[in-house]
file start_15.tsv (TSV, C-alpha atoms and all ligand atoms)
chain	number	residue	atom	x	y	z
A	1	MET	CA	-155.82	-9.33	24.41
A	2	LYS	CA	-152.04	-9.26	24.37
A	3	ILE	CA	-150.08	-11.78	26.44
A	4	VAL	CA	-146.36	-11.36	26.93
A	5	PHE	CA	-143.79	-14.00	27.94
A	6	THR	CA	-140.26	-13.56	29.26
A	7	ALA	CA	-138.20	-15.78	26.97
A	8	LYS	CA	-134.71	-16.75	25.88
A	9	GLY	CA	-135.65	-16.51	22.20
A	10	THR	CA	-138.21	-14.97	19.89
A	11	GLY	CA	-140.69	-17.74	19.06
A	12	LEU	CA	-143.30	-20.04	20.61
A	13	ASP	CA	-140.77	-22.85	20.98
A	14	SER	CA	-138.18	-20.75	22.79
A	15	ALA	CA	-137.44	-21.57	26.39
A	16	MET	CA	-138.90	-19.23	28.97
A	17	ASP	CA	-136.50	-16.90	30.78
A	18	PRO	CA	-137.39	-17.12	34.49
A	19	ARG	CA	-136.13	-13.57	35.11
A	20	PHE	CA	-138.31	-10.58	34.56
A	21	GLY	CA	-136.24	-7.40	34.65
A	22	ARG	CA	-133.25	-8.92	32.91
A	23	THR	CA	-135.06	-11.28	30.55
A	24	GLU	CA	-133.37	-11.58	27.15
A	25	PHE	CA	-136.53	-11.34	25.03
A	26	PHE	CA	-140.22	-10.84	25.25
A	27	VAL	CA	-142.52	-12.90	23.10
A	28	ILE	CA	-145.79	-11.07	22.61
A	29	TYR	CA	-148.82	-13.10	21.65
A	30	ASP	CA	-151.92	-11.33	20.32
A	31	GLU	CA	-154.99	-13.47	21.02
A	32	GLU	CA	-157.27	-11.76	18.47
A	33	SER	CA	-154.98	-12.06	15.48
A	34	GLU	CA	-153.09	-15.08	16.83
A	35	SER	CA	-149.91	-13.34	15.78
A	36	ILE	CA	-146.50	-13.41	17.45
A	37	ASP	CA	-144.21	-10.47	17.97
A	38	SER	CA	-141.01	-10.21	19.97
A	39	TYR	CA	-138.92	-7.59	21.66
A	40	ASP	CA	-135.17	-7.80	22.22
A	41	ASN	CA	-134.53	-6.71	25.80
A	42	ARG	CA	-130.81	-7.53	25.89
A	43	ALA	CA	-129.81	-3.87	26.00
A	44	ILE	CA	-130.92	-4.00	29.66
A	45	GLU	CA	-127.57	-5.63	30.48
A	46	ASN	CA	-126.10	-2.11	30.31
A	47	GLU	CA	-128.39	-0.86	33.07
A	48	ALA	CA	-126.67	-1.35	36.39
A	49	HIS	CA	-129.67	-0.12	38.33
A	50	GLY	CA	-133.42	-0.40	38.06
A	51	ALA	CA	-133.68	-3.02	35.32
A	52	GLY	CA	-137.05	-4.17	36.64
A	53	PRO	CA	-138.98	-0.89	36.49
A	54	LYS	CA	-137.38	-0.02	33.16
A	55	THR	CA	-138.45	-3.32	31.61
A	56	ALA	CA	-141.94	-2.98	33.08
A	57	GLN	CA	-142.23	0.44	31.53
A	58	LYS	CA	-141.33	-0.99	28.13
A	59	LEU	CA	-144.13	-3.56	28.46
A	60	ALA	CA	-146.61	-0.85	29.31
A	61	GLU	CA	-145.74	0.87	26.05
A	62	TYR	CA	-146.70	-2.31	24.22
A	63	GLY	CA	-150.08	-2.27	25.91
A	64	VAL	CA	-149.98	-5.84	27.19
A	65	GLN	CA	-152.66	-7.01	29.61
A	66	VAL	CA	-151.04	-10.23	30.82
A	67	LEU	CA	-147.44	-11.07	31.69
A	68	ILE	CA	-146.27	-14.65	32.08
A	69	THR	CA	-142.88	-15.22	33.66
A	70	GLY	CA	-140.89	-17.43	36.03
A	71	ASN	CA	-139.85	-15.90	39.32
A	72	GLY	CA	-141.98	-12.79	39.24
A	73	PRO	CA	-140.99	-9.14	39.22
A	74	GLY	CA	-139.37	-7.35	42.14
A	75	ASN	CA	-141.24	-4.77	44.19
A	76	ASN	CA	-140.42	-1.78	42.02
A	77	ALA	CA	-141.31	-3.50	38.76
A	78	ALA	CA	-144.49	-4.84	40.36
A	79	ARG	CA	-145.52	-1.25	41.17
A	80	VAL	CA	-145.07	-0.24	37.53
A	81	LEU	CA	-146.97	-3.26	36.23
A	82	GLN	CA	-149.76	-2.55	38.66
A	83	ALA	CA	-149.95	1.05	37.53
A	84	ALA	CA	-150.15	-0.19	33.95
A	85	GLY	CA	-152.91	-2.63	34.87
A	86	THR	CA	-150.92	-5.69	33.77
A	87	LYS	CA	-151.83	-9.01	35.37
A	88	VAL	CA	-148.81	-11.16	36.23
A	89	TYR	CA	-148.65	-14.97	36.28
A	90	VAL	CA	-145.58	-16.80	37.58
A	91	GLY	CA	-144.09	-20.29	37.79
A	92	ALA	CA	-143.55	-20.87	34.07
A	93	GLY	CA	-139.76	-20.56	34.26
A	94	ASP	CA	-139.01	-24.14	33.20
A	95	MET	CA	-141.42	-24.32	30.25
A	96	THR	CA	-141.28	-23.27	26.62
A	97	VAL	CA	-143.40	-20.31	25.61
A	98	ARG	CA	-145.94	-22.64	23.97
A	99	GLU	CA	-146.25	-24.75	27.13
A	100	ALA	CA	-146.58	-21.63	29.24
A	101	LEU	CA	-149.40	-20.39	26.99
A	102	GLU	CA	-151.22	-23.72	27.31
A	103	ALA	CA	-150.74	-23.75	31.07
A	104	TYR	CA	-152.11	-20.22	31.27
A	105	LYS	CA	-155.17	-21.10	29.17
A	106	LYS	CA	-155.90	-24.07	31.42
A	107	GLY	CA	-155.62	-21.81	34.46
A	108	GLU	CA	-152.62	-23.71	35.83
A	109	LEU	CA	-150.40	-20.71	36.51
A	110	LYS	CA	-150.36	-18.81	39.77
A	111	GLU	CA	-151.27	-15.15	39.77
A	112	PHE	CA	-148.54	-13.00	41.31
B	1	MET	CA	-106.44	7.28	63.39
B	2	LYS	CA	-108.74	5.21	61.20
B	3	ILE	CA	-108.12	1.62	60.21
B	4	ALA	CA	-110.35	-0.04	57.63
B	5	ILE	CA	-110.51	-3.82	57.75
B	6	ALA	CA	-111.49	-5.06	54.32
B	7	SER	CA	-111.41	-8.09	52.06
B	8	GLY	CA	-112.27	-8.87	48.46
B	9	LYS	CA	-115.23	-10.94	49.50
B	10	GLY	CA	-117.20	-11.96	52.57
B	11	GLY	CA	-116.37	-14.85	54.85
B	12	THR	CA	-112.61	-14.34	55.17
B	13	GLY	CA	-112.74	-13.44	58.82
B	14	LYS	CA	-113.00	-9.68	58.45
B	15	THR	CA	-115.56	-9.30	61.20
B	16	THR	CA	-113.70	-11.72	63.46
B	17	LEU	CA	-110.54	-9.70	63.12
B	18	SER	CA	-112.33	-6.36	63.58
B	19	THR	CA	-114.17	-7.38	66.73
B	20	ASN	CA	-111.18	-9.13	68.33
B	21	LEU	CA	-108.74	-6.38	67.47
B	22	ALA	CA	-111.02	-3.61	68.72
B	23	SER	CA	-111.80	-5.46	71.95
B	24	TYR	CA	-108.13	-6.18	72.53
B	25	ILE	CA	-107.14	-2.55	72.00
B	26	ALA	CA	-109.99	-1.44	74.28
B	27	GLU	CA	-108.41	-3.38	77.14
B	28	SER	CA	-105.86	-0.61	77.47
B	29	ARG	CA	-107.40	2.50	75.89
B	30	ASP	CA	-110.46	3.98	74.17
B	31	CYS	CA	-111.25	2.43	70.82
B	32	VAL	CA	-114.09	2.79	68.33
B	33	LEU	CA	-115.40	-0.10	66.27
B	34	ALA	CA	-117.80	0.86	63.46
B	35	ASP	CA	-119.60	-1.85	61.50
B	36	LEU	CA	-119.93	-0.34	58.03
B	37	ASP	CA	-121.34	-3.47	56.44
B	38	VAL	CA	-124.71	-1.74	56.63
B	39	GLU	CA	-126.52	-4.32	54.53
B	40	GLU	CA	-125.64	-7.12	56.92
B	41	PRO	CA	-123.95	-5.79	60.02
B	42	ASN	CA	-122.84	-8.68	62.23
B	43	SER	CA	-120.09	-7.36	64.50
B	44	GLY	CA	-122.86	-6.93	67.05
B	45	LEU	CA	-123.04	-10.69	67.46
B	46	PHE	CA	-119.68	-10.58	69.22
B	47	ILE	CA	-119.83	-7.28	71.05
B	48	LYS	CA	-122.19	-7.09	73.97
B	49	GLY	CA	-122.46	-3.52	75.12
B	50	GLU	CA	-124.90	-1.11	76.65
B	51	LEU	CA	-127.02	0.72	74.09
B	52	ILE	CA	-126.48	4.41	74.64
B	53	HIS	CA	-127.78	6.10	71.52
B	54	VAL	CA	-130.08	5.39	68.57
B	55	GLU	CA	-130.84	7.67	65.67
B	56	ASP	CA	-132.70	7.41	62.37
B	57	LYS	CA	-130.70	8.16	59.25
B	58	PHE	CA	-132.31	9.85	56.28
B	59	LYS	CA	-131.64	10.42	52.65
B	60	MET	CA	-133.30	12.87	50.29
B	61	ILE	CA	-135.62	11.66	47.59
B	62	PRO	CA	-137.92	13.56	45.21
B	63	GLU	CA	-141.66	13.61	45.82
B	64	TRP	CA	-143.93	14.11	42.85
B	65	ASN	CA	-146.47	16.91	42.81
B	66	ARG	CA	-149.24	15.83	40.46
B	67	GLU	CA	-150.93	19.27	40.50
B	68	THR	CA	-148.12	21.21	38.88
B	69	CYS	CA	-146.46	18.51	36.72
B	70	GLU	CA	-146.72	19.04	32.98
B	71	LEU	CA	-145.66	15.47	32.13
B	72	CYS	CA	-142.74	16.60	29.99
B	73	GLY	CA	-140.77	13.48	30.94
B	74	ASN	CA	-137.57	15.39	31.59
B	75	CYS	CA	-137.08	13.83	35.03
B	76	GLN	CA	-136.94	10.34	33.56
B	77	LYS	CA	-134.37	11.45	31.00
B	78	VAL	CA	-131.97	12.98	33.50
B	79	CYS	CA	-132.05	10.17	36.07
B	80	ASN	CA	-129.10	7.80	35.62
B	81	PHE	CA	-130.54	5.21	37.97
B	82	ASN	CA	-134.02	4.53	36.57
B	83	ALA	CA	-135.31	5.79	39.88
B	84	VAL	CA	-138.00	7.99	38.34
B	85	LEU	CA	-140.20	6.84	35.46
B	86	LYS	CA	-143.04	8.34	33.53
B	87	MET	CA	-145.96	5.95	33.29
B	88	GLY	CA	-148.73	7.45	31.20
B	89	LYS	CA	-150.07	10.39	33.18
B	90	MET	CA	-148.10	9.50	36.23
B	91	ILE	CA	-144.54	9.98	37.49
B	92	MET	CA	-143.30	7.13	39.67
B	93	VAL	CA	-140.36	7.52	42.06
B	94	PHE	CA	-138.50	4.43	43.34
B	95	PRO	CA	-136.97	5.48	46.65
B	96	GLU	CA	-134.73	2.40	46.99
B	97	LEU	CA	-133.10	3.10	43.64
B	98	CYS	CA	-132.71	6.84	44.13
B	99	HIS	CA	-129.19	8.16	44.80
B	100	GLY	CA	-130.47	11.53	45.97
B	101	CYS	CA	-128.50	13.39	43.30
B	102	TYR	CA	-131.13	16.18	42.94
B	103	ALA	CA	-130.90	16.09	39.11
B	104	CYS	CA	-134.58	15.44	38.44
B	105	SER	CA	-135.61	17.90	41.13
B	106	GLU	CA	-133.43	20.74	39.90
B	107	LEU	CA	-134.11	20.16	36.22
B	108	CYS	CA	-137.85	19.89	36.49
B	109	PRO	CA	-139.20	22.95	34.66
B	110	THR	CA	-142.20	23.29	36.96
B	111	GLY	CA	-140.57	22.43	40.30
B	112	SER	CA	-142.80	19.41	40.68
B	113	LEU	CA	-140.22	17.13	42.30
B	114	PRO	CA	-139.21	18.76	45.59
B	115	MET	CA	-136.71	16.72	47.64
B	116	LYS	CA	-138.04	15.23	50.87
B	117	PHE	CA	-136.50	13.26	53.75
B	118	LYS	CA	-136.84	9.50	53.70
B	119	LYS	CA	-135.60	7.13	56.41
B	120	MET	CA	-132.98	4.75	55.03
B	121	GLY	CA	-131.62	3.16	58.18
B	122	GLU	CA	-130.74	3.33	61.82
B	123	LEU	CA	-127.53	4.02	63.68
B	124	LYS	CA	-126.92	2.56	67.12
B	125	SER	CA	-124.12	3.34	69.48
B	126	TYR	CA	-123.09	0.92	72.24
B	127	ARG	CA	-120.50	1.06	74.95
B	128	THR	CA	-118.67	-1.61	76.87
B	129	GLY	CA	-115.67	-0.53	78.92
B	130	ASN	CA	-113.37	1.48	76.66
B	131	LEU	CA	-115.00	0.15	73.52
B	132	HIS	CA	-117.42	2.33	71.60
B	133	PHE	CA	-119.32	0.23	69.11
B	134	ILE	CA	-121.28	1.89	66.30
B	135	GLU	CA	-123.56	-0.11	64.08
B	136	SER	CA	-125.71	1.09	61.18
B	137	ARG	CA	-128.29	-0.99	59.44
B	138	LEU	CA	-130.23	-0.29	56.25
B	139	ILE	CA	-133.98	-0.80	56.42
B	140	ILE	CA	-135.25	-3.76	54.41
B	141	GLY	CA	-135.60	-3.06	50.70
B	142	GLU	CA	-133.20	-0.12	50.77
B	143	GLU	CA	-130.51	-0.70	48.15
B	144	GLN	CA	-128.20	2.27	48.58
B	145	ALA	CA	-125.51	1.48	51.12
B	146	VAL	CA	-123.19	4.39	50.30
B	147	PRO	CA	-125.15	7.29	51.86
B	148	LEU	CA	-125.57	5.38	55.14
B	149	ILE	CA	-121.89	4.41	55.26
B	150	LYS	CA	-120.95	8.04	54.71
B	151	GLN	CA	-123.28	9.27	57.44
B	152	THR	CA	-121.97	6.64	59.84
B	153	ILE	CA	-118.37	7.73	59.25
B	154	ASP	CA	-119.47	11.35	59.73
B	155	TYR	CA	-121.05	10.35	63.04
B	156	VAL	CA	-117.82	8.69	64.19
B	157	ASN	CA	-115.73	11.69	63.16
B	158	GLU	CA	-118.03	14.13	64.93
B	159	ASN	CA	-118.35	12.18	68.15
B	160	PHE	CA	-114.91	10.77	68.80
B	161	ASP	CA	-111.52	12.29	69.20
B	162	MET	CA	-109.25	12.38	66.14
B	163	GLU	CA	-106.48	10.54	68.00
B	164	MET	CA	-108.60	7.62	69.08
B	165	ILE	CA	-108.08	4.36	67.19
B	166	LYS	CA	-111.10	3.65	65.03
B	167	ILE	CA	-111.63	0.28	63.42
B	168	TYR	CA	-113.96	0.20	60.41
B	169	ASP	CA	-115.37	-3.21	59.62
B	170	SER	CA	-115.88	-2.58	55.90
B	171	PRO	CA	-118.47	-4.16	53.62
B	172	PRO	CA	-117.24	-7.06	51.46
B	173	GLY	CA	-116.47	-6.68	47.77
B	174	THR	CA	-114.69	-4.09	45.68
B	175	SER	CA	-117.58	-1.84	44.64
B	176	CYS	CA	-118.87	1.54	45.80
B	177	PRO	CA	-119.71	0.59	49.42
B	178	VAL	CA	-116.21	-0.64	50.27
B	179	ILE	CA	-114.64	2.36	48.55
B	180	GLU	CA	-116.81	4.67	50.63
B	181	ALA	CA	-115.76	2.80	53.78
B	182	THR	CA	-112.02	2.80	53.05
B	183	LYS	CA	-111.48	6.19	51.42
B	184	ASP	CA	-111.52	7.94	54.77
B	185	ALA	CA	-109.07	5.49	56.39
B	186	ASP	CA	-105.41	6.15	57.22
B	187	LEU	CA	-104.51	2.49	56.84
B	188	VAL	CA	-106.27	-0.45	55.23
B	189	ILE	CA	-105.83	-4.00	56.51
B	190	LEU	CA	-106.79	-6.59	53.91
B	191	VAL	CA	-107.84	-9.95	55.30
B	192	THR	CA	-107.39	-12.97	53.10
B	193	GLU	CA	-107.16	-16.75	53.11
B	194	PRO	CA	-104.18	-18.64	51.65
B	195	THR	CA	-106.21	-20.33	48.89
B	196	PRO	CA	-106.49	-19.68	45.15
B	197	PHE	CA	-109.87	-18.02	45.72
B	198	GLY	CA	-108.43	-15.92	48.51
B	199	LEU	CA	-105.58	-14.84	46.25
B	200	HIS	CA	-107.95	-13.92	43.44
B	201	ASP	CA	-110.06	-11.74	45.72
B	202	LEU	CA	-106.99	-10.27	47.40
B	203	LYS	CA	-105.66	-9.09	44.04
B	204	LEU	CA	-108.94	-7.32	43.30
B	205	ALA	CA	-108.93	-5.72	46.73
B	206	VAL	CA	-105.31	-4.59	46.26
B	207	GLU	CA	-106.26	-2.94	42.96
B	208	THR	CA	-109.06	-1.05	44.72
B	209	VAL	CA	-106.94	0.27	47.59
B	210	LYS	CA	-104.12	1.17	45.22
B	211	GLN	CA	-106.52	3.28	43.19
B	212	LEU	CA	-107.51	5.05	46.39
B	213	GLY	CA	-103.84	5.62	47.11
B	214	LYS	CA	-104.12	4.15	50.63
B	215	PRO	CA	-101.31	2.48	52.54
B	216	PHE	CA	-102.29	-1.14	53.11
B	217	VAL	CA	-101.04	-4.36	54.66
B	218	VAL	CA	-102.26	-7.94	54.66
B	219	VAL	CA	-103.37	-10.33	57.38
B	220	ILE	CA	-103.64	-14.01	56.46
B	221	ASN	CA	-106.45	-15.84	58.14
B	222	ARG	CA	-106.65	-19.64	58.47
B	223	HIS	CA	-102.94	-19.85	57.88
B	224	GLY	CA	-101.92	-23.44	57.16
B	225	ILE	CA	-104.69	-24.37	54.75
B	226	GLY	CA	-104.41	-23.98	50.98
B	227	ASN	CA	-101.06	-23.15	49.37
B	228	ASP	CA	-98.33	-20.50	49.38
B	229	GLY	CA	-99.84	-18.47	46.49
B	230	VAL	CA	-100.77	-15.52	48.68
B	231	GLU	CA	-97.34	-15.46	50.34
B	232	ARG	CA	-95.59	-15.52	46.96
B	233	TYR	CA	-97.80	-12.81	45.50
B	234	CYS	CA	-97.22	-10.51	48.49
B	235	LYS	CA	-93.49	-11.09	48.30
B	236	GLU	CA	-93.31	-10.35	44.59
B	237	ASP	CA	-95.43	-7.21	44.88
B	238	ASP	CA	-93.71	-6.04	48.04
B	239	ILE	CA	-96.83	-6.18	50.16
B	240	GLU	CA	-96.29	-6.55	53.87
B	241	ILE	CA	-98.01	-9.42	55.67
B	242	ILE	CA	-98.25	-8.24	59.27
B	243	ALA	CA	-99.86	-11.29	60.84
B	244	ARG	CA	-100.92	-14.88	60.20
B	245	VAL	CA	-103.82	-16.31	62.18
B	246	PRO	CA	-103.44	-20.10	62.24
B	247	ASN	CA	-106.24	-22.39	61.22
B	248	ASP	CA	-107.64	-23.90	64.41
B	249	ARG	CA	-110.75	-25.93	65.08
B	250	LEU	CA	-111.27	-24.18	68.37
B	251	ILE	CA	-111.66	-20.92	66.39
B	252	ALA	CA	-114.67	-22.20	64.47
B	253	GLU	CA	-116.27	-23.55	67.65
B	254	THR	CA	-115.71	-20.35	69.62
B	255	TYR	CA	-116.92	-18.25	66.70
B	256	ALA	CA	-120.07	-20.34	66.39
B	257	ARG	CA	-120.88	-19.59	70.03
B	258	GLY	CA	-120.64	-15.87	69.28
B	259	ASP	CA	-117.65	-15.46	71.59
B	260	LEU	CA	-114.52	-13.40	71.09
B	261	LEU	CA	-111.53	-15.52	70.18
B	262	TYR	CA	-108.48	-13.88	71.64
B	263	PRO	CA	-109.38	-14.42	75.32
B	264	VAL	CA	-109.40	-18.20	74.80
B	265	ILE	CA	-107.08	-18.86	71.85
B	266	PRO	CA	-103.44	-17.85	72.43
B	267	SER	CA	-102.51	-17.76	68.73
B	268	VAL	CA	-105.29	-15.27	68.03
B	269	LYS	CA	-104.23	-13.17	71.00
B	270	GLU	CA	-100.70	-13.14	69.66
B	271	ALA	CA	-101.98	-12.03	66.23
B	272	VAL	CA	-104.12	-9.16	67.51
B	273	LYS	CA	-101.26	-8.07	69.73
B	274	VAL	CA	-98.93	-7.90	66.74
B	275	ILE	CA	-101.52	-6.04	64.63
B	276	SER	CA	-102.24	-3.62	67.44
B	277	GLY	CA	-98.49	-3.04	67.80
B	278	TYR	CA	-98.24	-2.39	64.08
B	279	ILE	CA	-101.05	0.17	64.29
B	280	GLU	CA	-99.30	1.91	67.18
B	281	SER	CA	-96.05	2.24	65.27
B	282	PHE	CA	-97.92	3.31	62.14
B	283	LYS	CA	-99.60	5.98	64.21
B	284	ARG	CA	-96.23	7.21	65.45
B	285	GLY	CA	-95.15	7.46	61.84
B	286	GLU	CA	-92.60	4.66	62.08
B	287	LYS	CA	-94.10	2.63	59.24
C	1	LIG	S1	-139.69	16.99	34.84
C	1	LIG	FE1	-141.22	17.88	36.22
C	1	LIG	S2	-142.86	18.57	34.89
C	1	LIG	FE2	-141.58	17.21	33.67
C	1	LIG	S3	-142.58	15.21	33.90
C	1	LIG	FE3	-141.01	15.32	35.48
C	1	LIG	S4	-142.10	16.10	37.28
C	1	LIG	FE4	-143.40	16.53	35.52
C	2	LIG	S1	-132.64	12.50	42.79
C	2	LIG	FE1	-131.26	11.73	41.18
C	2	LIG	S2	-131.29	9.52	41.49
C	2	LIG	FE2	-133.03	10.31	42.61
C	2	LIG	S3	-134.73	10.13	41.16
C	2	LIG	FE3	-133.86	12.20	40.93
C	2	LIG	S4	-132.38	12.05	39.28
C	2	LIG	FE4	-132.84	9.96	39.95

call {"tool": "encode", "arguments": {"input": "start_15.tsv", "output": "structure tokens"}}
result
Amino acid sequence: MKIVFTAKGTGLDSAMDPRFGRTEFFVIYDEESESIDSYDNRAIENEAHGAGPKTAQKLAEYGVQVLITGNGPGNNAARVLQAAGTKVYVGAGDMTVREALEAYKKGELKEF
Amino acid sequence: MKIAIASGKGGTGKTTLSTNLASYIAESRDCVLADLDVEEPNSGLFIKGELIHVEDKFKMIPEWNRETCELCGNCQKVCNFNAVLKMGKMIMVFPELCHGCYACSELCPTGSLPMKFKKMGELKSYRTGNLHFIESRLIIGEEQAVPLIKQTIDYVNENFDMEMIKIYDSPPGTSCPVIEATKDADLVILVTEPTPFGLHDLKLAVETVKQLGKPFVVVINRHGIGNDGVERYCKEDDIEIIARVPNDRLIAETYARGDLLYPVIPSVKEAVKVISGYIESFKRGEK
């Protein structure tokens, strides 16, 4: 299963980015292979409109099943994530990616 | 005769001036006040009139036809607003983001995105004495203010005589909504405060109205606080300050009660009288 985090950097020790649509990076964690990948989302700054749905669409292309973020996506992005079958967990905005992963595994994060 | 009351940001007393000026003018003749801050209209807090007309306002958005779509993805490519996305075997339309430009609809090779009506807000028309008060409000979640502002101005133009004085309480800021609200005006009144922040926002607002090529003048609100930065700037750039509304504790108290100011505060009455006089002479072509 692939789990994705909204983050301010590219690794497990990066701080989480509480924003979804305009997050700087995504850190993608693959549970099977225990490997880490990242995606640079900073080009979204150029999008004046509809950052949320656009970002959600990108995630769908990566085939992620779980999204962990801070504040949670807006309505439009939530529709896209739902269509893609991605589960969303929120409230990890103040953690590092590693802490957020632990919190998720322990079932401490709230489902959006 | 259309007067747009605008400011670089919210909270400078734009609505206070609009409602007091319109009510004052309406004491002696017909006057229209239109609240064009459709995201957060609040002139209605100060104007108590009889509701005489309500209508729904619509915009056009594309509706996806799954049966005929070939999933070519062209619609997503041509939309500048990320308002239509291809998700696997599905096309998703985001009505709140859509600008109703027809691009996706017209460029769809199979005609699978016909444009349909969608409600974006409501227009209400009130009357109290000589004052005609028009208020439009976007429905929650709707992000596009411009089409509703445009339709509201159209409504005013269609329903009221050209000659009548029309006050537009414009949305705050310097982006598309305020441009839409001021581009139809004959005169723009910029409301500012005599503080460094006020000056900063005033300069931005001046840039915007200059680009539109509109005649404009300034009214200073809460005169007496801050510094003389705004006065100096206006003098250097040859911008006319037509009135100064003094800072007064009674103003805040009266405002908080949702009451009009000029009937109880002489300095405000004096200011609206001067502004109304300015508008009259502007109308006669003397300014
Ligand atoms: S452009 Fe038309 S046919 Fe192509 S994906 Fe969009 S709706 Fe379908
Ligand atoms: S009408 Fe224009 S703004 Fe709306 S979805 Fe189509 S292309 Fe995008």

call {"tool": "residues_near_ligand", "arguments": {"input": "start_15.tsv", "ligand": "ligand LIG 2 (chain C)", "cutoff": "10 Å", "atoms": "all atoms listed in the file", "output": "short mmCIF file (atom, residue, chain, number, x, y, z; two decimals) with C-alpha atoms, keeping the file's coordinate frame"}}
result
data_model
loop_
_atom_site.label_atom_id
_atom_site.label_comp_id
_atom_site.auth_asym_id
_atom_site.auth_seq_id
_atom_site.Cartn_x
_atom_site.Cartn_y
_atom_site.Cartn_z
CA MET B 60 -133.30 12.87 50.29
CA ILE B 61 -135.62 11.66 47.59
CA PRO B 62 -137.92 13.56 45.21
CA GLU B 63 -141.66 13.61 45.82
CA ASN B 74 -137.57 15.39 31.59
CA CYS B 75 -137.08 13.83 35.03
CA GLN B 76 -136.94 10.34 33.56
CA LYS B 77 -134.37 11.45 31.00
CA VAL B 78 -131.97 12.98 33.50
CA CYS B 79 -132.05 10.17 36.07
CA ASN B 80 -129.10 7.80 35.62
CA PHE B 81 -130.54 5.21 37.97
CA ASN B 82 -134.02 4.53 36.57
CA ALA B 83 -135.31 5.79 39.88
CA VAL B 84 -138.00 7.99 38.34
CA LEU B 85 -140.20 6.84 35.46
CA MET B 92 -143.30 7.13 39.67
CA VAL B 93 -140.36 7.52 42.06
CA PHE B 94 -138.50 4.43 43.34
CA PRO B 95 -136.97 5.48 46.65
CA GLU B 96 -134.73 2.40 46.99
CA LEU B 97 -133.10 3.10 43.64
CA CYS B 98 -132.71 6.84 44.13
CA HIS B 99 -129.19 8.16 44.80
CA GLY B 100 -130.47 11.53 45.97
CA CYS B 101 -128.50 13.39 43.30
CA TYR B 102 -131.13 16.18 42.94
CA ALA B 103 -130.90 16.09 39.11
CA CYS B 104 -134.58 15.44 38.44
CA SER B 105 -135.61 17.90 41.13
CA GLU B 106 -133.43 20.74 39.90
CA LEU B 107 -134.11 20.16 36.22
CA CYS B 108 -137.85 19.89 36.49
CA LEU B 113 -140.22 17.13 42.30
CA PRO B 114 -139.21 18.76 45.59
CA MET B 115 -136.71 16.72 47.64
#

call {"tool": "residues_around", "arguments": {"input": "start_15.tsv", "residues": "Gln57 in chain A", "least_positions_apart": "2", "cutoff": "12 Å", "atoms": "only C-alpha atoms", "output": "NGL selection string"}}
result
(:A and (21 or 41 or 50-55 or 59-64 or 76-86)) or (:B and (76 or 82 or 84-88 or 90-92))

call {"tool": "closest_residue", "arguments": {"input": "start_15.tsv", "among": "B:Gly129, B:Pro196, B:Gly73, B:Gly213", "to": "ligand LIG 1 (chain C)", "atoms": "all atoms listed in the file"}}
result
B:Gly73

call {"tool": "closest_residue", "arguments": {"input": "start_15.tsv", "among": "B:Glu231, B:Asp169, B:Glu180, B:Glu142", "to": "chain A", "atoms": "all atoms listed in the file"}}
result
B:Glu142

call {"tool": "atom_distance", "arguments": {"input": "start_15.tsv", "atom1": "CA of Lys9 in chain B", "atom2": "CA of Leu190 in chain B"}}
result
10.5 Å

call {"tool": "closest_residue", "arguments": {"input": "start_15.tsv", "among": "B:Phe133, B:Ala34, B:Glu143, B:Cys72", "to": "chain A", "atoms": "only C-alpha atoms"}}
result
B:Glu143

call {"tool": "closest_residue", "arguments": {"input": "start_15.tsv", "among": "A:Glu31, A:Glu47, A:Glu24, A:Glu111", "to": "chain B", "atoms": "only C-alpha atoms"}}
result
A:Glu47

call {"tool": "residues_around", "arguments": {"input": "start_15.tsv", "residues": "Phe26 in chain A", "least_positions_apart": "2", "cutoff": "7 Å", "atoms": "all atoms listed in the file", "output": "JSON, numbers by chain"}}
result
{"A": [4, 5, 6, 7, 28, 38, 39, 40]}

call {"tool": "closest_residue", "arguments": {"input": "start_15.tsv", "among": "B:Asn157, B:Thr195, B:Ser170, B:Gln144", "to": "chain A", "atoms": "only C-alpha atoms"}}
result
B:Gln144

call {"tool": "residues_around", "arguments": {"input": "start_15.tsv", "residues": "Tyr262 in chain B", "least_positions_apart": "2", "cutoff": "10 Å", "atoms": "all atoms listed in the file", "output": "PDB file with C-alpha atoms, in the coordinates of the input"}}
result
ATOM      1  CA  THR B  16    -113.700 -11.720  63.460  1.00  0.00           C
ATOM      2  CA  LEU B  17    -110.540  -9.700  63.120  1.00  0.00           C
ATOM      3  CA  THR B  19    -114.170  -7.380  66.730  1.00  0.00           C
ATOM      4  CA  ASN B  20    -111.180  -9.130  68.330  1.00  0.00           C
ATOM      5  CA  LEU B  21    -108.740  -6.380  67.470  1.00  0.00           C
ATOM      6  CA  SER B  23    -111.800  -5.460  71.950  1.00  0.00           C
ATOM      7  CA  TYR B  24    -108.130  -6.180  72.530  1.00  0.00           C
ATOM      8  CA  ILE B 251    -111.660 -20.920  66.390  1.00  0.00           C
ATOM      9  CA  THR B 254    -115.710 -20.350  69.620  1.00  0.00           C
ATOM     10  CA  ASP B 259    -117.650 -15.460  71.590  1.00  0.00           C
ATOM     11  CA  LEU B 260    -114.520 -13.400  71.090  1.00  0.00           C
ATOM     12  CA  VAL B 264    -109.400 -18.200  74.800  1.00  0.00           C
ATOM     13  CA  ILE B 265    -107.080 -18.860  71.850  1.00  0.00           C
ATOM     14  CA  PRO B 266    -103.440 -17.850  72.430  1.00  0.00           C
ATOM     15  CA  SER B 267    -102.510 -17.760  68.730  1.00  0.00           C
ATOM     16  CA  VAL B 268    -105.290 -15.270  68.030  1.00  0.00           C
ATOM     17  CA  LYS B 269    -104.230 -13.170  71.000  1.00  0.00           C
ATOM     18  CA  GLU B 270    -100.700 -13.140  69.660  1.00  0.00           C
ATOM     19  CA  ALA B 271    -101.980 -12.030  66.230  1.00  0.00           C
ATOM     20  CA  VAL B 272    -104.120  -9.160  67.510  1.00  0.00           C
ATOM     21  CA  LYS B 273    -101.260  -8.070  69.730  1.00  0.00           C
TER      22      LYS B 273
END
